[in-house]
>>> print(open('coords_25.cif').read())   # mmCIF, C-alpha atoms and all ligand atoms
data_upload
#
loop_
_atom_site.group_PDB
_atom_site.id
_atom_site.type_symbol
_atom_site.label_atom_id
_atom_site.label_comp_id
_atom_site.auth_asym_id
_atom_site.auth_seq_id
_atom_site.Cartn_x
_atom_site.Cartn_y
_atom_site.Cartn_z
ATOM 1 C CA MET A 1 10.365 12.873 9.544
ATOM 2 C CA HIS A 2 10.414 9.500 7.840
ATOM 3 C CA GLU A 3 8.648 7.966 10.834
ATOM 4 C CA PHE A 4 6.122 10.800 11.026
ATOM 5 C CA SER A 5 4.547 10.024 7.643
ATOM 6 C CA ILE A 6 4.760 6.280 8.256
ATOM 7 C CA THR A 7 2.994 6.659 11.598
ATOM 8 C CA GLY A 8 0.363 8.887 9.989
ATOM 9 C CA SER A 9 -0.533 6.331 7.345
ATOM 10 C CA MET A 10 -0.449 3.561 9.949
ATOM 11 C CA ILE A 11 -3.059 5.448 11.990
ATOM 12 C CA GLU A 12 -5.215 5.883 8.880
ATOM 13 C CA ILE A 13 -5.191 2.132 8.352
ATOM 14 C CA LEU A 14 -5.982 1.515 12.017
ATOM 15 C CA GLU A 15 -8.914 3.907 11.862
ATOM 16 C CA ARG A 16 -10.259 2.048 8.855
ATOM 17 C CA ILE A 17 -10.019 -1.273 10.716
ATOM 18 C CA ILE A 18 -11.685 0.267 13.770
ATOM 19 C CA ALA A 19 -14.570 1.563 11.675
ATOM 20 C CA GLU A 20 -15.007 -1.726 9.825
ATOM 21 C CA LYS A 21 -14.993 -3.853 12.962
ATOM 22 C CA LYS A 22 -16.838 -1.262 15.055
ATOM 23 C CA LEU A 23 -14.216 -1.401 17.777
ATOM 24 C CA LYS A 24 -14.510 0.774 20.865
ATOM 25 C CA LYS A 25 -10.961 0.962 22.122
ATOM 26 C CA VAL A 26 -7.641 -0.342 20.884
ATOM 27 C CA GLU A 27 -5.414 -1.684 23.646
ATOM 28 C CA SER A 28 -2.368 -2.749 21.715
ATOM 29 C CA VAL A 29 -1.119 -2.971 18.170
ATOM 30 C CA CYS A 30 1.442 -5.473 16.970
ATOM 31 C CA LEU A 31 3.662 -4.160 14.197
ATOM 32 C CA GLU A 32 6.296 -5.714 12.042
ATOM 33 C CA ILE A 33 9.209 -3.580 10.970
ATOM 34 C CA ASN A 34 11.284 -4.189 7.889
ATOM 35 C CA PRO A 35 14.881 -4.314 9.168
ATOM 36 C CA LEU A 36 16.011 -2.580 5.993
ATOM 37 C CA ALA A 37 13.769 0.424 6.443
ATOM 38 C CA SER A 38 15.758 2.003 9.292
ATOM 39 C CA ILE A 39 12.715 2.872 11.345
ATOM 40 C CA GLU A 40 13.187 3.830 14.959
ATOM 41 C CA PRO A 41 10.439 2.231 17.067
ATOM 42 C CA GLU A 42 10.870 4.976 19.676
ATOM 43 C CA SER A 43 10.109 7.628 17.063
ATOM 44 C CA VAL A 44 7.020 5.763 15.886
ATOM 45 C CA LYS A 45 5.820 5.568 19.507
ATOM 46 C CA PHE A 46 6.440 9.260 19.993
ATOM 47 C CA TYR A 47 4.528 10.291 16.865
ATOM 48 C CA PHE A 48 1.774 7.806 17.596
ATOM 49 C CA ASP A 49 1.177 9.319 21.045
ATOM 50 C CA PHE A 50 1.302 12.787 19.539
ATOM 51 C CA LEU A 51 -1.085 12.030 16.667
ATOM 52 C CA THR A 52 -3.609 10.102 18.782
ATOM 53 C CA LYS A 53 -3.792 12.653 21.609
ATOM 54 C CA GLU A 54 -7.350 13.567 20.649
ATOM 55 C CA ASN A 55 -8.314 10.113 19.437
ATOM 56 C CA LYS A 56 -10.424 8.276 21.999
ATOM 57 C CA LEU A 57 -10.134 4.957 20.177
ATOM 58 C CA LEU A 58 -6.379 4.902 19.803
ATOM 59 C CA LYS A 59 -5.100 7.047 22.642
ATOM 60 C CA GLY A 60 -2.872 5.100 25.034
ATOM 61 C CA ALA A 61 -2.682 2.020 22.819
ATOM 62 C CA ARG A 62 0.497 0.054 23.329
ATOM 63 C CA LEU A 63 2.687 -0.528 20.302
ATOM 64 C CA VAL A 64 4.511 -3.848 20.106
ATOM 65 C CA PHE A 65 7.281 -4.095 17.553
ATOM 66 C CA ASN A 66 8.502 -7.252 15.890
ATOM 67 C CA LYS A 67 11.506 -7.200 13.672
ATOM 68 C CA LYS A 68 10.865 -9.210 10.599
ATOM 69 C CA SER A 69 13.249 -11.972 9.644
ATOM 70 C CA LEU A 70 14.857 -11.709 6.276
ATOM 71 C CA ALA A 71 15.626 -14.590 3.992
ATOM 72 C CA VAL A 72 19.328 -14.259 3.344
ATOM 73 C CA VAL A 73 21.483 -16.202 0.932
ATOM 74 C CA CYS A 74 25.229 -16.137 1.458
ATOM 75 C CA LYS A 75 27.026 -15.263 -1.768
ATOM 76 C CA LYS A 76 30.182 -16.988 -0.662
ATOM 77 C CA CYS A 77 28.967 -20.451 0.398
ATOM 78 C CA GLY A 78 25.321 -20.433 -0.717
ATOM 79 C CA ASN A 79 24.008 -21.036 2.774
ATOM 80 C CA GLU A 80 20.393 -19.904 3.244
ATOM 81 C CA PHE A 81 19.380 -18.561 6.597
ATOM 82 C CA GLU A 82 16.982 -16.214 8.324
ATOM 83 C CA SER A 83 18.150 -13.126 10.077
ATOM 84 C CA ASP A 84 16.655 -9.913 11.389
ATOM 85 C CA ASP A 85 19.874 -8.111 10.645
ATOM 86 C CA ILE A 86 21.516 -8.208 7.225
ATOM 87 C CA PHE A 87 24.830 -7.295 8.811
ATOM 88 C CA SER A 88 24.951 -10.274 11.151
ATOM 89 C CA GLY A 89 26.910 -12.397 8.687
ATOM 90 C CA CYS A 90 26.654 -15.987 7.534
ATOM 91 C CA PRO A 91 26.463 -18.545 10.377
ATOM 92 C CA GLU A 92 28.299 -21.107 8.234
ATOM 93 C CA CYS A 93 31.305 -19.241 6.889
ATOM 94 C CA GLY A 94 31.148 -15.879 8.664
ATOM 95 C CA GLU A 95 30.931 -13.877 5.442
ATOM 96 C CA ILE A 96 29.322 -10.502 6.108
ATOM 97 C CA SER A 97 29.538 -8.362 2.987
ATOM 98 C CA GLY A 98 28.360 -11.062 0.589
ATOM 99 C CA CYS A 99 24.871 -11.538 1.968
ATOM 100 C CA LYS A 100 21.841 -10.494 0.055
ATOM 101 C CA THR A 101 18.148 -10.590 0.700
ATOM 102 C CA ASP A 102 15.155 -11.119 -1.523
ATOM 103 C CA ASN A 103 12.505 -9.058 0.187
ATOM 104 C CA LEU A 104 13.788 -5.557 -0.350
ATOM 105 C CA ASP A 105 10.515 -4.277 -1.735
ATOM 106 C CA ASP A 106 8.347 -5.024 1.278
ATOM 107 C CA ASP A 107 6.512 -2.387 3.215
ATOM 108 C CA ASP A 108 8.485 -0.504 5.809
ATOM 109 C CA ILE A 109 6.013 -1.276 8.518
ATOM 110 C CA ARG A 110 3.090 -3.658 8.657
ATOM 111 C CA ILE A 111 0.214 -4.034 11.097
ATOM 112 C CA VAL A 112 0.222 -7.669 12.176
ATOM 113 C CA SER A 113 -2.601 -7.671 14.680
ATOM 114 C CA LEU A 114 -4.404 -5.552 17.211
ATOM 115 C CA VAL A 115 -6.066 -6.147 20.514
ATOM 116 C CA ALA A 116 -9.247 -4.209 21.070
ATOM 117 C CA VAL A 117 -12.480 -4.204 23.010
HETATM 118 ZN ZN ZN B 1 28.392 -18.357 4.000
#
>>> encode(input="coords_25.cif", output="structure tokens", more="lines below")
Ligand SMILES: [Zn+2]
Amino acid sequence: MHEFSITGSMIEILERIIAEKKLKKVESVCLEINPLASIEPESVKFYFDFLTKENKLLKGARLVFNKKSLAVVCKKCGNEFESDDIFSGCPECGEISGCKTDNLDDDDIRIVSLVAV
């Protein structure tokens, strides 16, 4: 149900953009997912199709998901690196449990761009 409310608010934002830009039909939407938010892209797709069934502007739009990279600092050796998975471990020393990230407070899902006519 986590994804259901997220998808609902995402559609609200999309509808606002559509109204502002006077778009006729959205073909695809590029989304960025916070790797820490445990969102299933398949669930978002499912709810999106369900919620836009009657929506001429959004129905059939393709959702493209990007996983966002996280800035990670290794607690063991201080190495800074980017990763889309906090459990991937430090590329320098291999430490897994000691990694932390700074952007924990970001949105779960963000609309990056959309293609429309
Ligand atoms: Zn390290």
>>> closest_atom_pairs(input="coords_25.cif", of="chain A", to="ligand ZN 1 (chain B)", cutoff="7 Å", atoms="all atoms listed in the file", output="JSON lines")
{"residue": "A:Cys74", "atom": "CA", "partner": "B:ZN1", "partner_atom": "ZN", "distance": 4.6}
{"residue": "A:Lys75", "atom": "CA", "partner": "B:ZN1", "partner_atom": "ZN", "distance": 6.7}
{"residue": "A:Lys76", "atom": "CA", "partner": "B:ZN1", "partner_atom": "ZN", "distance": 5.2}
{"residue": "A:Cys77", "atom": "CA", "partner": "B:ZN1", "partner_atom": "ZN", "distance": 4.2}
{"residue": "A:Gly78", "atom": "CA", "partner": "B:ZN1", "partner_atom": "ZN", "distance": 6.0}
{"residue": "A:Asn79", "atom": "CA", "partner": "B:ZN1", "partner_atom": "ZN", "distance": 5.3}
{"residue": "A:Cys90", "atom": "CA", "partner": "B:ZN1", "partner_atom": "ZN", "distance": 4.6}
{"residue": "A:Pro91", "atom": "CA", "partner": "B:ZN1", "partner_atom": "ZN", "distance": 6.7}
{"residue": "A:Glu92", "atom": "CA", "partner": "B:ZN1", "partner_atom": "ZN", "distance": 5.0}
{"residue": "A:Cys93", "atom": "CA", "partner": "B:ZN1", "partner_atom": "ZN", "distance": 4.2}
{"residue": "A:Gly94", "atom": "CA", "partner": "B:ZN1", "partner_atom": "ZN", "distance": 6.0}
{"residue": "A:Glu95", "atom": "CA", "partner": "B:ZN1", "partner_atom": "ZN", "distance": 5.3}
>>> residues_around(input="coords_25.cif", residues="Ile13 in chain A", least_positions_apart="4", cutoff="12 Å", atoms="only C-alpha atoms", output="ChimeraX atom specification")
/A:6-9,17-20,29,58,109-114
>>> atom_distance(input="coords_25.cif", atom1="CA of Phe50 in chain A", atom2="CA of Glu12 in chain A")
14.3 Å
>>> resolve_selection(input="coords_25.cif", expression="the PyMOL selection byres (((chain A and resi 35-44) around 7) and not hetatm)", output="compact mmCIF listing (two decimals) with C-alpha atoms, keeping the file's coordinate frame")
# COMPACT_ATOMS: atom_id res chain seq x y z
CA GLU A 3 8.65 7.97 10.83
CA THR A 7 2.99 6.66 11.60
CA ILE A 33 9.21 -3.58 10.97
CA ASN A 34 11.28 -4.19 7.89
CA LYS A 45 5.82 5.57 19.51
CA PHE A 46 6.44 9.26 19.99
CA TYR A 47 4.53 10.29 16.86
CA PHE A 48 1.77 7.81 17.60
CA LYS A 67 11.51 -7.20 13.67
CA LYS A 68 10.86 -9.21 10.60
CA ASP A 84 16.66 -9.91 11.39
CA ASP A 85 19.87 -8.11 10.64
CA ASP A 108 8.48 -0.50 5.81
>>> residues_near_point(input="coords_25.cif", point="(-6.4, 3.0, 25.9)", cutoff="9 Å", atoms="only C-alpha atoms", output="PyMOL selection string")
chain A and resi 25-28+56-62
>>> axis_aligned_box(input="coords_25.cif", around="range 90-94 of chain A", padding_each_side="4 Å", output="AutoDock Vina command-line options")
--center_x 28.9 --center_y -18.5 --center_z 8.6 --size_x 12.8 --size_y 13.2 --size_z 11.5
>>> atom_distance(input="coords_25.cif", atom1="CA of Leu63 in chain A", atom2="CA of Leu31 in chain A")
7.2 Å
>>> atom_distance(input="coords_25.cif", atom1="CA of Asn66 in chain A", atom2="CA of Cys30 in chain A")
7.4 Å
>>> closest_residue(input="coords_25.cif", among="A:Val73, A:Gly89, A:Phe4, A:Leu23", to="Asp49 in chain A", atoms="only C-alpha atoms")
A:Phe4
